[in-house]
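Everything below belongs to work03.txt, which stores compact mmCIF, C-alpha atoms.
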```txt
# COMPACT_ATOMS: atom_id res chain seq x y z
CA MET A 1411 -23.25 -3.66 -8.55
CA LYS A 1412 -22.99 -4.55 -4.86
CA LEU A 1413 -20.62 -3.36 -2.15
CA TYR A 1414 -19.93 -5.85 0.64
CA ASP A 1415 -19.54 -3.67 3.68
CA ALA A 1416 -19.08 -3.73 7.46
CA ALA A 1417 -19.69 -0.91 9.93
CA PHE A 1418 -16.68 -1.00 12.24
CA PRO A 1419 -13.36 -1.57 10.40
CA PRO A 1420 -11.42 1.26 8.74
CA SER A 1421 -11.13 -0.25 5.24
CA PRO A 1422 -14.84 -0.41 4.32
CA ARG A 1423 -15.26 3.01 5.94
CA ARG A 1424 -12.68 4.43 3.51
CA VAL A 1425 -14.90 3.34 0.61
CA ARG A 1426 -18.08 4.72 2.22
CA VAL A 1427 -16.48 8.12 2.89
CA PHE A 1428 -15.09 8.17 -0.66
CA LEU A 1429 -18.52 7.41 -2.18
CA ALA A 1430 -20.13 10.08 0.01
CA GLU A 1431 -17.58 12.66 -1.23
CA LYS A 1432 -18.42 11.63 -4.80
CA GLY A 1433 -22.17 11.80 -4.09
CA LEU A 1434 -22.56 8.18 -5.23
CA ASP A 1435 -25.03 5.70 -3.84
CA VAL A 1436 -24.03 2.05 -4.29
CA PRO A 1437 -26.20 -0.86 -3.03
CA ARG A 1438 -24.57 -2.40 0.02
CA VAL A 1439 -24.63 -5.83 1.62
CA ALA A 1440 -23.72 -5.84 5.31
CA VAL A 1441 -21.33 -8.62 6.33
CA ASP A 1442 -21.59 -9.50 10.03
CA LEU A 1443 -17.98 -9.73 11.18
CA ALA A 1444 -18.92 -10.37 14.84
CA ALA A 1445 -20.75 -13.50 13.67
CA MET A 1446 -17.67 -14.40 11.51
CA GLU A 1447 -19.85 -14.21 8.40
CA HIS A 1448 -16.75 -13.20 6.39
CA HIS A 1449 -15.23 -16.62 7.10
CA GLY A 1450 -18.46 -18.40 6.07
CA GLU A 1451 -18.98 -20.35 2.87
CA ALA A 1452 -21.20 -17.83 1.10
CA PHE A 1453 -18.90 -14.84 1.54
CA SER A 1454 -15.77 -16.91 0.87
CA ARG A 1455 -17.21 -17.56 -2.59
CA VAL A 1456 -17.40 -13.77 -3.11
CA ASN A 1457 -13.94 -13.06 -1.70
CA PRO A 1458 -11.69 -16.05 -0.98
CA LEU A 1459 -9.50 -13.66 1.05
CA GLN A 1460 -12.47 -13.35 3.47
CA ARG A 1461 -12.16 -9.59 3.84
CA VAL A 1462 -14.42 -6.58 3.40
CA PRO A 1463 -14.82 -4.39 1.48
CA ALA A 1464 -15.44 -6.25 -1.78
CA LEU A 1465 -17.18 -4.80 -4.80
CA GLU A 1466 -19.17 -7.16 -7.02
CA LEU A 1467 -19.63 -5.84 -10.55
CA ASP A 1468 -22.73 -6.63 -12.60
CA ASP A 1469 -20.86 -9.34 -14.54
CA GLY A 1470 -19.85 -11.04 -11.27
CA GLN A 1471 -16.23 -9.84 -11.21
CA ILE A 1472 -14.96 -8.97 -7.73
CA ILE A 1473 -12.75 -6.01 -6.85
CA THR A 1474 -11.14 -6.00 -3.41
CA GLU A 1475 -8.77 -3.59 -1.61
CA SER A 1476 -10.43 -0.36 -0.50
CA ALA A 1477 -8.10 1.91 -2.49
CA ALA A 1478 -8.61 -0.15 -5.67
CA ILE A 1479 -12.40 0.08 -5.26
CA CYS A 1480 -12.07 3.85 -4.84
CA ARG A 1481 -9.92 4.11 -7.97
CA TYR A 1482 -12.60 2.22 -9.88
CA PHE A 1483 -15.20 4.84 -8.93
CA GLU A 1484 -12.74 7.67 -9.62
CA ALA A 1485 -12.27 6.33 -13.18
CA LEU A 1486 -16.05 6.00 -13.68
CA HIS A 1487 -16.92 9.33 -12.02
CA PRO A 1488 -13.92 11.68 -12.20
CA GLU A 1489 -15.66 14.61 -10.45
CA PRO A 1490 -14.80 15.77 -7.86
CA PRO A 1491 -11.26 14.41 -8.31
CA LEU A 1492 -10.13 12.66 -5.11
CA PHE A 1493 -6.89 11.18 -6.47
CA GLY A 1494 -5.46 14.44 -7.88
CA ARG A 1495 -5.78 16.23 -11.23
CA THR A 1496 -2.26 17.01 -12.51
CA PRO A 1497 0.66 14.52 -12.62
CA GLU A 1498 2.12 16.20 -9.52
CA GLU A 1499 -1.15 16.01 -7.61
CA ILE A 1500 -1.69 12.38 -8.64
CA ALA A 1501 1.78 11.53 -7.32
CA LYS A 1502 1.28 13.46 -4.08
CA VAL A 1503 -2.10 11.92 -3.26
CA ASP A 1504 -0.68 8.44 -3.78
CA MET A 1505 2.50 9.31 -1.84
CA TRP A 1506 0.59 10.61 1.19
CA MET A 1507 -1.95 7.82 1.05
CA ARG A 1508 0.90 5.30 1.13
CA ARG A 1509 2.74 7.14 3.90
CA VAL A 1510 -0.47 6.90 5.95
CA GLU A 1511 -1.07 3.24 5.05
CA PHE A 1512 2.47 1.90 5.52
CA GLY A 1513 3.25 4.29 8.37
CA LEU A 1514 0.41 5.24 10.71
CA TYR A 1515 -2.17 2.65 9.68
CA ALA A 1516 0.23 -0.32 9.62
CA THR A 1517 1.49 0.47 13.12
CA ILE A 1518 -2.04 0.93 14.53
CA ALA A 1519 -3.16 -2.34 12.90
CA ALA A 1520 -0.11 -4.16 14.32
CA VAL A 1521 -0.99 -3.01 17.85
CA PHE A 1522 -4.69 -3.82 17.38
CA ARG A 1523 -4.25 -7.23 15.76
CA HIS A 1524 -1.52 -8.39 18.14
CA SER A 1525 -2.83 -7.08 21.46
CA HIS A 1526 -6.62 -6.64 21.34
CA PRO A 1527 -8.65 -9.45 22.93
CA ALA A 1528 -11.22 -9.22 20.11
CA MET A 1529 -8.53 -10.32 17.61
CA LYS A 1530 -7.52 -13.48 19.47
CA THR A 1531 -9.46 -15.78 17.13
CA SER A 1532 -8.48 -13.97 13.88
CA GLU A 1533 -4.79 -13.25 14.49
CA VAL A 1534 -3.29 -16.58 15.45
CA PRO A 1535 -0.92 -16.42 17.17
CA GLN A 1536 -0.88 -12.88 18.49
CA CYS A 1537 2.69 -11.61 18.91
CA ALA A 1538 2.72 -9.39 22.02
CA GLU A 1539 6.29 -8.24 21.38
CA TRP A 1540 5.30 -6.99 17.91
CA ALA A 1541 2.37 -5.03 19.39
CA ASP A 1542 4.66 -3.50 22.03
CA LEU A 1543 7.23 -2.47 19.40
CA ASN A 1544 4.58 -0.75 17.31
CA ARG A 1545 2.81 1.22 20.05
CA PRO A 1546 5.50 3.97 20.33
CA ARG A 1547 5.75 4.02 16.52
CA VAL A 1548 2.11 5.11 16.30
CA LEU A 1549 3.12 8.24 18.23
CA GLU A 1550 6.13 8.82 15.95
CA GLU A 1551 3.85 8.64 12.90
CA LEU A 1552 1.40 11.09 14.49
CA ALA A 1553 4.26 13.54 15.12
CA PHE A 1554 5.42 13.21 11.50
CA LEU A 1555 1.91 13.88 10.19
CA ASN A 1556 1.39 16.80 12.56
CA ALA A 1557 4.57 18.40 11.20
CA ALA A 1558 3.50 17.70 7.61
CA LEU A 1559 0.19 19.52 8.17
CA GLU A 1560 1.88 22.76 9.28
CA GLY A 1561 0.33 25.58 7.25
CA ARG A 1562 -1.80 23.16 5.21
CA SER A 1563 -5.56 22.54 5.23
CA TRP A 1564 -5.30 19.06 3.75
CA LEU A 1565 -2.63 16.41 3.57
CA ALA A 1566 -1.72 16.03 -0.11
CA THR A 1567 -3.15 18.93 -2.12
CA ASP A 1568 -5.26 22.09 -1.57
CA THR A 1569 -8.45 20.03 -1.59
CA TYR A 1570 -9.76 17.03 0.36
CA THR A 1571 -8.46 13.82 -1.24
CA ALA A 1572 -8.25 10.05 -0.80
CA ALA A 1573 -5.10 10.65 1.31
CA ASP A 1574 -7.19 12.59 3.86
CA ILE A 1575 -9.80 9.82 3.86
CA ALA A 1576 -7.08 7.24 4.59
CA LEU A 1577 -5.78 9.41 7.43
CA LEU A 1578 -9.25 10.00 8.91
CA CYS A 1579 -10.02 6.28 8.98
CA ALA A 1580 -6.59 5.49 10.45
CA VAL A 1581 -6.80 8.13 13.21
CA ASP A 1582 -10.30 7.04 14.23
CA PHE A 1583 -9.03 3.44 14.37
CA MET A 1584 -6.75 4.48 17.27
CA ARG A 1585 -9.78 4.33 19.58
CA PRO A 1586 -9.68 0.54 20.17
CA ILE A 1587 -5.95 0.73 20.99
CA ARG A 1588 -6.62 3.74 23.28
CA ILE A 1589 -4.30 6.22 21.67
CA ALA A 1590 -5.49 9.79 21.09
CA ILE A 1591 -3.90 12.64 19.09
CA PRO A 1592 -1.55 14.28 21.63
CA ASP A 1593 -2.77 17.69 22.82
CA ASP A 1594 0.28 19.54 21.48
CA HIS A 1595 -0.33 18.27 17.90
CA ALA A 1596 -2.32 21.39 16.96
CA ASN A 1597 -2.09 20.90 13.18
CA LEU A 1598 -3.30 17.32 13.28
CA LYS A 1599 -6.09 18.21 15.74
CA ARG A 1600 -7.29 21.06 13.50
CA TRP A 1601 -7.12 18.76 10.46
CA HIS A 1602 -9.02 16.00 12.29
CA GLU A 1603 -11.78 18.37 13.34
CA ALA A 1604 -12.19 19.66 9.78
CA ALA A 1605 -12.21 16.15 8.28
CA SER A 1606 -14.67 14.91 10.93
CA ASN A 1607 -17.01 17.83 10.30
CA ARG A 1608 -17.47 16.94 6.63
CA PRO A 1609 -20.81 15.17 6.11
CA SER A 1610 -18.92 12.27 4.46
CA ALA A 1611 -17.28 11.39 7.80
CA LYS A 1612 -20.61 9.98 8.98
CA ALA A 1613 -20.95 7.60 6.01
CA MET B 675 14.54 16.00 -12.65
CA LYS B 676 16.65 13.55 -10.60
CA LEU B 677 15.89 10.06 -9.34
CA TYR B 678 17.68 9.05 -6.14
CA ASP B 679 18.33 5.38 -6.61
CA ALA B 680 20.07 2.35 -5.08
CA ALA B 681 20.98 -0.92 -6.76
CA PHE B 682 19.93 -3.61 -4.31
CA PRO B 683 16.53 -2.93 -2.67
CA PRO B 684 13.23 -3.83 -4.34
CA SER B 685 11.58 -0.37 -4.16
CA PRO B 686 14.01 1.59 -6.35
CA ARG B 687 14.12 -1.40 -8.69
CA ARG B 688 10.36 -1.13 -9.18
CA VAL B 689 10.85 2.41 -10.50
CA ARG B 690 13.76 1.42 -12.77
CA VAL B 691 11.80 -1.48 -14.30
CA PHE B 692 8.76 0.79 -14.75
CA LEU B 693 10.84 3.47 -16.52
CA ALA B 694 12.44 0.82 -18.75
CA GLU B 695 8.97 -0.45 -19.74
CA LYS B 696 8.00 3.15 -20.58
CA GLY B 697 11.24 3.69 -22.51
CA LEU B 698 12.06 6.68 -20.31
CA ASP B 699 15.53 7.78 -19.29
CA VAL B 700 15.67 9.82 -16.08
CA PRO B 701 18.96 11.12 -14.61
CA ARG B 702 19.85 9.10 -11.52
CA VAL B 703 21.84 9.77 -8.39
CA ALA B 704 23.16 6.62 -6.68
CA VAL B 705 22.74 6.63 -2.90
CA ASP B 706 25.24 4.34 -1.15
CA LEU B 707 23.13 2.43 1.37
CA ALA B 708 26.05 0.26 2.54
CA ALA B 709 27.84 3.46 3.59
CA MET B 710 24.57 4.65 5.25
CA GLU B 711 24.50 7.65 2.89
CA HIS B 712 20.67 7.65 3.13
CA HIS B 713 20.98 8.50 6.84
CA GLY B 714 23.48 11.31 6.13
CA GLU B 715 22.75 15.03 6.31
CA ALA B 716 22.72 15.69 2.56
CA PHE B 717 20.22 12.97 1.64
CA SER B 718 18.09 13.64 4.73
CA ARG B 719 17.53 17.13 3.32
CA VAL B 720 16.20 15.51 0.12
CA ASN B 721 14.05 12.91 1.91
CA PRO B 722 13.66 13.31 5.68
CA LEU B 723 12.29 9.73 5.72
CA GLN B 724 15.81 8.63 4.65
CA ARG B 725 14.59 6.19 2.02
CA VAL B 726 15.15 5.57 -1.67
CA PRO B 727 13.70 5.97 -4.20
CA ALA B 728 13.00 9.70 -4.17
CA LEU B 729 12.25 11.80 -7.23
CA GLU B 730 13.34 15.44 -7.21
CA LEU B 731 11.34 17.58 -9.63
CA ASP B 732 12.87 20.58 -11.38
CA ASP B 733 11.22 22.97 -8.90
CA GLY B 734 12.76 21.08 -5.96
CA GLN B 735 9.62 19.20 -4.91
CA ILE B 736 10.25 15.65 -3.75
CA ILE B 737 8.06 12.63 -4.55
CA THR B 738 8.70 9.47 -2.55
CA GLU B 739 7.09 6.00 -2.53
CA SER B 740 7.95 3.90 -5.56
CA ALA B 741 4.34 3.43 -6.71
CA ALA B 742 3.65 7.19 -6.44
CA ILE B 743 6.75 7.95 -8.53
CA CYS B 744 5.52 5.44 -11.13
CA ARG B 745 2.05 7.04 -11.18
CA TYR B 746 3.70 10.41 -11.82
CA PHE B 747 5.41 9.05 -14.93
CA GLU B 748 2.22 7.23 -16.01
CA ALA B 749 0.35 10.58 -15.88
CA LEU B 750 3.10 12.35 -17.84
CA HIS B 751 3.63 9.51 -20.35
CA PRO B 752 0.46 7.39 -20.60
CA GLU B 753 1.83 4.99 -23.24
CA PRO B 754 2.20 2.09 -22.82
CA PRO B 755 -0.36 2.04 -19.98
CA LEU B 756 1.06 0.19 -16.97
CA PHE B 757 -1.73 1.04 -14.49
CA GLY B 758 -4.64 -0.12 -16.71
CA ARG B 759 -6.78 1.57 -19.36
CA THR B 760 -10.46 1.00 -18.46
CA PRO B 761 -11.99 1.55 -14.97
CA GLU B 762 -11.96 -2.24 -14.46
CA GLU B 763 -8.33 -2.58 -15.47
CA ILE B 764 -7.33 0.39 -13.32
CA ALA B 765 -9.02 -1.27 -10.33
CA LYS B 766 -7.49 -4.67 -11.03
CA VAL B 767 -3.93 -3.39 -11.42
CA ASP B 768 -4.22 -1.52 -8.12
CA MET B 769 -5.90 -4.50 -6.43
CA TRP B 770 -3.18 -6.94 -7.48
CA MET B 771 -0.39 -4.50 -6.75
CA ARG B 772 -1.77 -4.08 -3.22
CA ARG B 773 -2.25 -7.80 -2.74
CA VAL B 774 1.42 -8.24 -3.63
CA GLU B 775 2.55 -5.34 -1.44
CA PHE B 776 0.49 -6.09 1.68
CA GLY B 777 0.68 -9.88 1.19
CA LEU B 778 3.85 -11.29 -0.32
CA TYR B 779 6.12 -8.25 -0.05
CA ALA B 780 5.16 -7.33 3.52
CA THR B 781 5.84 -10.87 4.75
CA ILE B 782 9.20 -11.09 2.93
CA ALA B 783 10.21 -7.68 4.31
CA ALA B 784 9.19 -8.74 7.84
CA VAL B 785 11.43 -11.81 7.63
CA PHE B 786 14.31 -9.82 6.09
CA ARG B 787 14.16 -6.84 8.44
CA HIS B 788 13.71 -8.91 11.59
CA SER B 789 16.12 -11.79 10.94
CA HIS B 790 18.85 -10.72 8.51
CA PRO B 791 22.19 -9.77 10.10
CA ALA B 792 22.56 -6.89 7.60
CA MET B 793 19.46 -5.22 9.10
CA LYS B 794 20.70 -5.22 12.70
CA THR B 795 21.65 -1.54 12.65
CA SER B 796 18.55 -0.34 10.71
CA GLU B 797 15.80 -2.39 12.36
CA VAL B 798 16.21 -1.75 16.08
CA PRO B 799 15.27 -3.93 17.80
CA GLN B 800 14.83 -6.92 15.53
CA CYS B 801 11.89 -9.08 16.63
CA ALA B 802 12.84 -12.71 15.94
CA GLU B 803 9.37 -13.97 16.79
CA TRP B 804 7.85 -11.67 14.14
CA ALA B 805 10.31 -12.96 11.52
CA ASP B 806 9.48 -16.57 12.45
CA LEU B 807 5.73 -15.91 12.21
CA ASN B 808 6.10 -14.42 8.73
CA ARG B 809 8.35 -17.06 7.15
CA PRO B 810 5.55 -19.63 6.57
CA ARG B 811 3.26 -16.81 5.43
CA VAL B 812 5.62 -16.07 2.53
CA LEU B 813 4.90 -19.60 1.28
CA GLU B 814 1.13 -19.13 1.74
CA GLU B 815 1.30 -15.95 -0.35
CA LEU B 816 3.29 -17.75 -3.07
CA ALA B 817 0.65 -20.51 -3.21
CA PHE B 818 -2.12 -17.87 -3.50
CA LEU B 819 -0.32 -16.13 -6.35
CA ASN B 820 0.45 -19.40 -8.12
CA ALA B 821 -3.27 -20.23 -8.07
CA ALA B 822 -4.18 -16.73 -9.28
CA LEU B 823 -1.88 -17.12 -12.30
CA GLU B 824 -3.62 -20.31 -13.51
CA GLY B 825 -4.42 -19.79 -17.21
CA ARG B 826 -3.10 -16.21 -17.17
CA SER B 827 0.03 -14.68 -18.75
CA TRP B 828 0.12 -11.70 -16.39
CA LEU B 829 -1.21 -10.96 -12.95
CA ALA B 830 -3.80 -8.19 -13.35
CA THR B 831 -4.71 -7.79 -17.05
CA ASP B 832 -3.78 -9.27 -20.43
CA THR B 833 -0.66 -7.12 -20.58
CA TYR B 834 2.37 -6.56 -18.35
CA THR B 835 1.51 -3.97 -15.68
CA ALA B 836 2.77 -2.29 -12.51
CA ALA B 837 1.30 -5.24 -10.58
CA ASP B 838 3.68 -7.63 -12.37
CA ILE B 839 6.59 -5.28 -11.66
CA ALA B 840 5.70 -5.29 -7.95
CA LEU B 841 5.55 -9.09 -7.98
CA LEU B 842 8.86 -9.46 -9.84
CA CYS B 843 10.68 -7.21 -7.37
CA ALA B 844 9.06 -9.00 -4.41
CA VAL B 845 9.89 -12.52 -5.66
CA ASP B 846 13.52 -11.60 -6.39
CA PHE B 847 13.74 -10.12 -2.87
CA MET B 848 13.22 -13.65 -1.48
CA ARG B 849 16.88 -14.39 -2.28
CA PRO B 850 18.34 -12.80 0.91
CA ILE B 851 15.82 -14.72 3.06
CA ARG B 852 16.64 -17.94 1.13
CA ILE B 853 13.17 -18.80 -0.07
CA ALA B 854 12.65 -19.94 -3.67
CA ILE B 855 9.43 -20.47 -5.65
CA PRO B 856 8.47 -24.09 -4.81
CA ASP B 857 8.99 -26.48 -7.72
CA ASP B 858 5.30 -27.44 -7.92
CA HIS B 859 4.23 -23.78 -8.45
CA ALA B 860 4.28 -24.13 -12.25
CA ASN B 861 2.19 -21.02 -12.98
CA LEU B 862 4.31 -18.75 -10.84
CA LYS B 863 7.53 -20.24 -12.24
CA ARG B 864 6.34 -19.70 -15.82
CA TRP B 865 5.29 -16.15 -14.94
CA HIS B 866 8.64 -15.44 -13.25
CA GLU B 867 10.60 -16.66 -16.24
CA ALA B 868 8.56 -14.51 -18.62
CA ALA B 869 8.88 -11.42 -16.42
CA SER B 870 12.62 -11.99 -15.91
CA ASN B 871 13.16 -12.37 -19.67
CA ARG B 872 11.79 -8.91 -20.42
CA PRO B 873 14.67 -6.48 -21.05
CA SER B 874 13.22 -4.22 -18.32
CA ALA B 875 14.07 -6.82 -15.64
CA LYS B 876 17.74 -5.90 -15.98
CA ALA B 877 17.12 -2.18 -15.33
```

What do you get writing this file as structure tokens?
Amino acid sequence: MKLYDAAFPPSPRRVRVFLAEKGLDVPRVAVDLAAMEHHGEAFSRVNPLQRVPALELDDGQIITESAAICRYFEALHPEPPLFGRTPEEIAKVDMWMRRVEFGLYATIAAVFRHSHPAMKTSEVPQCAEWADLNRPRVLEELAFLNAALEGRSWLATDTYTAADIALLCAVDFMRPIRIAIPDDHANLKRWHEAASNRPSAKA
Amino acid sequence: MKLYDAAFPPSPRRVRVFLAEKGLDVPRVAVDLAAMEHHGEAFSRVNPLQRVPALELDDGQIITESAAICRYFEALHPEPPLFGRTPEEIAKVDMWMRRVEFGLYATIAAVFRHSHPAMKTSEVPQCAEWADLNRPRVLEELAFLNAALEGRSWLATDTYTAADIALLCAVDFMRPIRIAIPDDHANLKRWHEAASNRPSAKA
């Protein structure tokens, strides 16, 4: 088994943090995105979608999509459960993960892809108006999440889950678009400090 | 238990088709989107995000996000399995569901939300350039899916799964943006006919 990985982007980081929380060590192959290695012939054979992460199984099958890779490891190694235990928890982890992905993460990615100079060769053409429309929405999503974390340690259940990992990787991806958690978002700031202090955050 | 539902949009339809495949009957409450009932005070108390579907549990808890609602029912009623059985199947169903959601569905929704006259009051402001950028991408996603279905009955595994349901609801949502499956996409056309002929498609 081999995990095609890259240091900077949020999606491969989600898988690394997930594996660290599970205590799993999976052989990794670094893909050099700065050198456009993901668009090269060799990696395109692994993943025609030219994206990391990608997990190559021992029989050569390829799993892509960070959440799908995490679910694979959850099914193989159920402990500790990071996608919920009961039907209610399973629903809530998926619900919050999706709220983060389609809400906060999608708006951050829209700003990054359509306004950052580093994305000029990957996102063709960049749509400046779309980036501008999404920038204030990032702040709306942060306010929504701050309210949701009132009186809660973690986002979806009483324990740290895949929804928290998605949120951590999304929030830290605000750095290249120069947005920080607003100072008055005390719940989200407390949550971010706790998530960042877990050893898995460094994975 | 109560499922807040609406006839037209693809997300509540995903839940209805899923429940029909499971043979489950859940009491439904119709929310009148044309009358903007989802933005009204009563429904906003149910789901502050003002979206359907929403599942109200007997203790008053609310689950939103169509896929999360489906996972709740999968956990309660595992048969027939619609999210995969083995770790590999579980990963592949999620992978294909996400490829449909973030690929085909997201591009269709971008065109619909940012160009359709009916969305003028919900999507403020509409970004015509964003709609125009996404229209050709819908066709790229269709070509990708047509190729993926070569030699396969269903998208993710040997049986009908939640990934097929996501694809069915996405493809049928191309009608308001006036895009049809191109005639030379024989695999996707065959797949669409088979999926549409299942009794669940009428749910």

Each residue of chain A with at least one atom at most 10 Å from chain B should appear once, together with its nearest atom pair and the corresponding distance in Å (one decimal); atoms considered: only C-alpha atoms; ordering: chain, then increasing residue number; output as CSV.
```
residue,atom,partner,partner_atom,distance
A:Leu1459,CA,B:Phe818,CA,9.6
A:Leu1467,CA,B:Glu762,CA,9.3
A:Gln1471,CA,B:Glu762,CA,9.3
A:Ile1472,CA,B:Lys766,CA,9.2
A:Ile1473,CA,B:Lys766,CA,6.9
A:Thr1474,CA,B:Met769,CA,6.2
A:Glu1475,CA,B:Met769,CA,5.7
A:Ser1476,CA,B:Met769,CA,8.5
A:Ala1477,CA,B:Asp768,CA,7.6
A:Ala1478,CA,B:Ala765,CA,4.8
A:Ile1479,CA,B:Ala765,CA,6.2
A:Cys1480,CA,B:Ala765,CA,8.1
A:Arg1481,CA,B:Ala765,CA,5.9
A:Tyr1482,CA,B:Ala765,CA,5.0
A:Phe1483,CA,B:Pro761,CA,7.6
A:Glu1484,CA,B:Pro761,CA,8.2
A:Ala1485,CA,B:Pro761,CA,5.1
A:Leu1486,CA,B:Pro761,CA,6.2
A:His1487,CA,B:Pro761,CA,9.7
A:Arg1495,CA,B:Ala749,CA,9.5
A:Thr1496,CA,B:Ala749,CA,7.7
A:Pro1497,CA,B:Ala749,CA,5.1
A:Glu1498,CA,B:Tyr746,CA,6.4
A:Glu1499,CA,B:Tyr746,CA,8.5
A:Ile1500,CA,B:Tyr746,CA,6.6
A:Ala1501,CA,B:Ala742,CA,4.8
A:Lys1502,CA,B:Ile737,CA,6.8
A:Val1503,CA,B:Ala742,CA,8.1
A:Asp1504,CA,B:Ala742,CA,5.2
A:Met1505,CA,B:Ala742,CA,5.2
A:Trp1506,CA,B:Glu739,CA,8.8
A:Met1507,CA,B:Ala742,CA,9.4
A:Arg1508,CA,B:Glu739,CA,7.2
A:Arg1509,CA,B:Glu739,CA,7.8
A:Phe1512,CA,B:Phe776,CA,9.1
A:Ala1516,CA,B:Phe776,CA,9.8
A:Val1534,CA,B:Leu807,CA,9.6
A:Pro1535,CA,B:Leu807,CA,8.3
A:Gln1536,CA,B:Leu807,CA,9.6
A:Cys1537,CA,B:Trp804,CA,7.0
A:Ala1538,CA,B:Glu803,CA,9.6
A:Glu1539,CA,B:Cys801,CA,7.4
A:Trp1540,CA,B:Trp804,CA,6.5
A:Leu1543,CA,B:Pro799,CA,8.3
A:Phe1554,CA,B:Leu723,CA,9.6
```

Could you pull the residues within 10 Å of region 1439-1446 of chain A, counting all atoms listed in the file, minus those fewer than 2 positions along the same chain, as number ranges by chain? A: 1412-1419, 1436-1437, 1448-1450, 1453, 1460-1465, 1528, 1532

Near-Arg864 (chain B) list (12 Å; all atoms listed in the file; drop same-chain fewer than 2 positions) as a list in words: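 Contacts, in chain order: Asn820, Leu823, Glu824, Gly825, Arg826, Ser827, Trp828, Leu829, Ile855, Asp857, Asp858, His859, Ala860, Asn861, Leu862, His866, Glu867, Ala868, Ala869, Ser870 and Asn871 of chain B.
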
Counting only C-alpha atoms, the residue of A:Glu1511, A:Glu1489, A:Asp1568, A:Asp1435 that sits nearest Val1548 (chain A):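 Using only C-alpha atoms, the shortest distance to Val1548 (chain A) belongs to A:Glu1511.
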
Excluding Ala836 (chain B) and its own-chain neighbours fewer than 2 positions away, which residues fall within 7 Å of it when counting only C-alpha atoms? Please give them as a list in words.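 My reading of the contact set: Leu756, Phe757, Val767, Met771, Asp838, Ile839 and Ala840 of chain B.
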
Same residues, C-alpha atoms, output as a compact mmCIF listing (two decimals), keeping the file's coordinate frame:
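Saved the output as selection05.txt:
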```txt
# COMPACT_ATOMS: atom_id res chain seq x y z
CA LEU B 756 1.06 0.19 -16.97
CA PHE B 757 -1.73 1.04 -14.49
CA VAL B 767 -3.93 -3.39 -11.42
CA MET B 771 -0.39 -4.50 -6.75
CA ASP B 838 3.68 -7.63 -12.37
CA ILE B 839 6.59 -5.28 -11.66
CA ALA B 840 5.70 -5.29 -7.95
```

Using CA of Pro752 (chain B) and CA of Met1411 (chain A) as the two end points, give the distance in Å to one decimal.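 It comes out at 28.8 Å.
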
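Here the residues that fall within 8 Å of (-6.1, 2.5, 15.3), using all atoms listed in the file, are given as Tyr1515, Ile1518, Ala1519, Val1521, Phe1522, Ala1580, Val1581, Asp1582, Phe1583, Met1584, Arg1585, Pro1586, Ile1587 and Ile1589 of chain A.
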
Just the number, please: distance in Å from CA of Leu1578 (chain A) to CA of Leu1552 (chain A), one decimal.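 Value for the CA of Leu1578 (chain A)-CA of Leu1552 (chain A) distance: 12.1 Å.
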
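Here CA of Leu693 (chain B) is placed at a distance of 18.0 Å from CA of Asp732 (chain B).
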
Of the residues A:Arg1438, A:Ala1566, A:Leu1549, A:Gly1494, which is the one nearest to Arg1426 (chain A), using only C-alpha atoms?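 Looking at the shortest contact to Arg1426 (chain A), the residue is A:Arg1438.
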
Show me that you can extract region 1504-1530 of chain A, keeping C-alpha atoms, and write it as a short mmCIF file (atom, residue, chain, number, x, y, z; two decimals), in the first residue's frame.
```
data_model
loop_
_atom_site.label_atom_id
_atom_site.label_comp_id
_atom_site.auth_asym_id
_atom_site.auth_seq_id
_atom_site.Cartn_x
_atom_site.Cartn_y
_atom_site.Cartn_z
CA ASP A 1504 -20.89 13.29 8.12
CA MET A 1505 -23.24 16.28 8.45
CA TRP A 1506 -20.59 18.51 10.05
CA MET A 1507 -17.87 17.30 7.73
CA ARG A 1508 -20.06 18.24 4.76
CA ARG A 1509 -21.03 21.58 6.26
CA VAL A 1510 -17.29 22.33 6.57
CA GLU A 1511 -16.50 21.05 3.06
CA PHE A 1512 -19.37 22.67 1.14
CA GLY A 1513 -19.42 25.76 3.37
CA LEU A 1514 -16.11 26.97 4.78
CA TYR A 1515 -13.72 24.93 2.66
CA ALA A 1516 -15.47 25.55 -0.67
CA THR A 1517 -15.48 29.32 -0.10
CA ILE A 1518 -11.79 29.39 0.94
CA ALA A 1519 -10.85 27.27 -2.09
CA ALA A 1520 -12.85 29.57 -4.40
CA VAL A 1521 -10.94 32.61 -3.12
CA PHE A 1522 -7.58 30.80 -3.29
CA ARG A 1523 -8.04 29.24 -6.72
CA HIS A 1524 -9.50 32.36 -8.33
CA SER A 1525 -7.29 35.07 -6.82
CA HIS A 1526 -3.93 33.63 -5.75
CA PRO A 1527 -1.04 34.21 -8.18
CA ALA A 1528 0.26 30.67 -7.52
CA MET A 1529 -2.95 29.24 -9.05
CA LYS A 1530 -2.71 31.13 -12.34
#
```
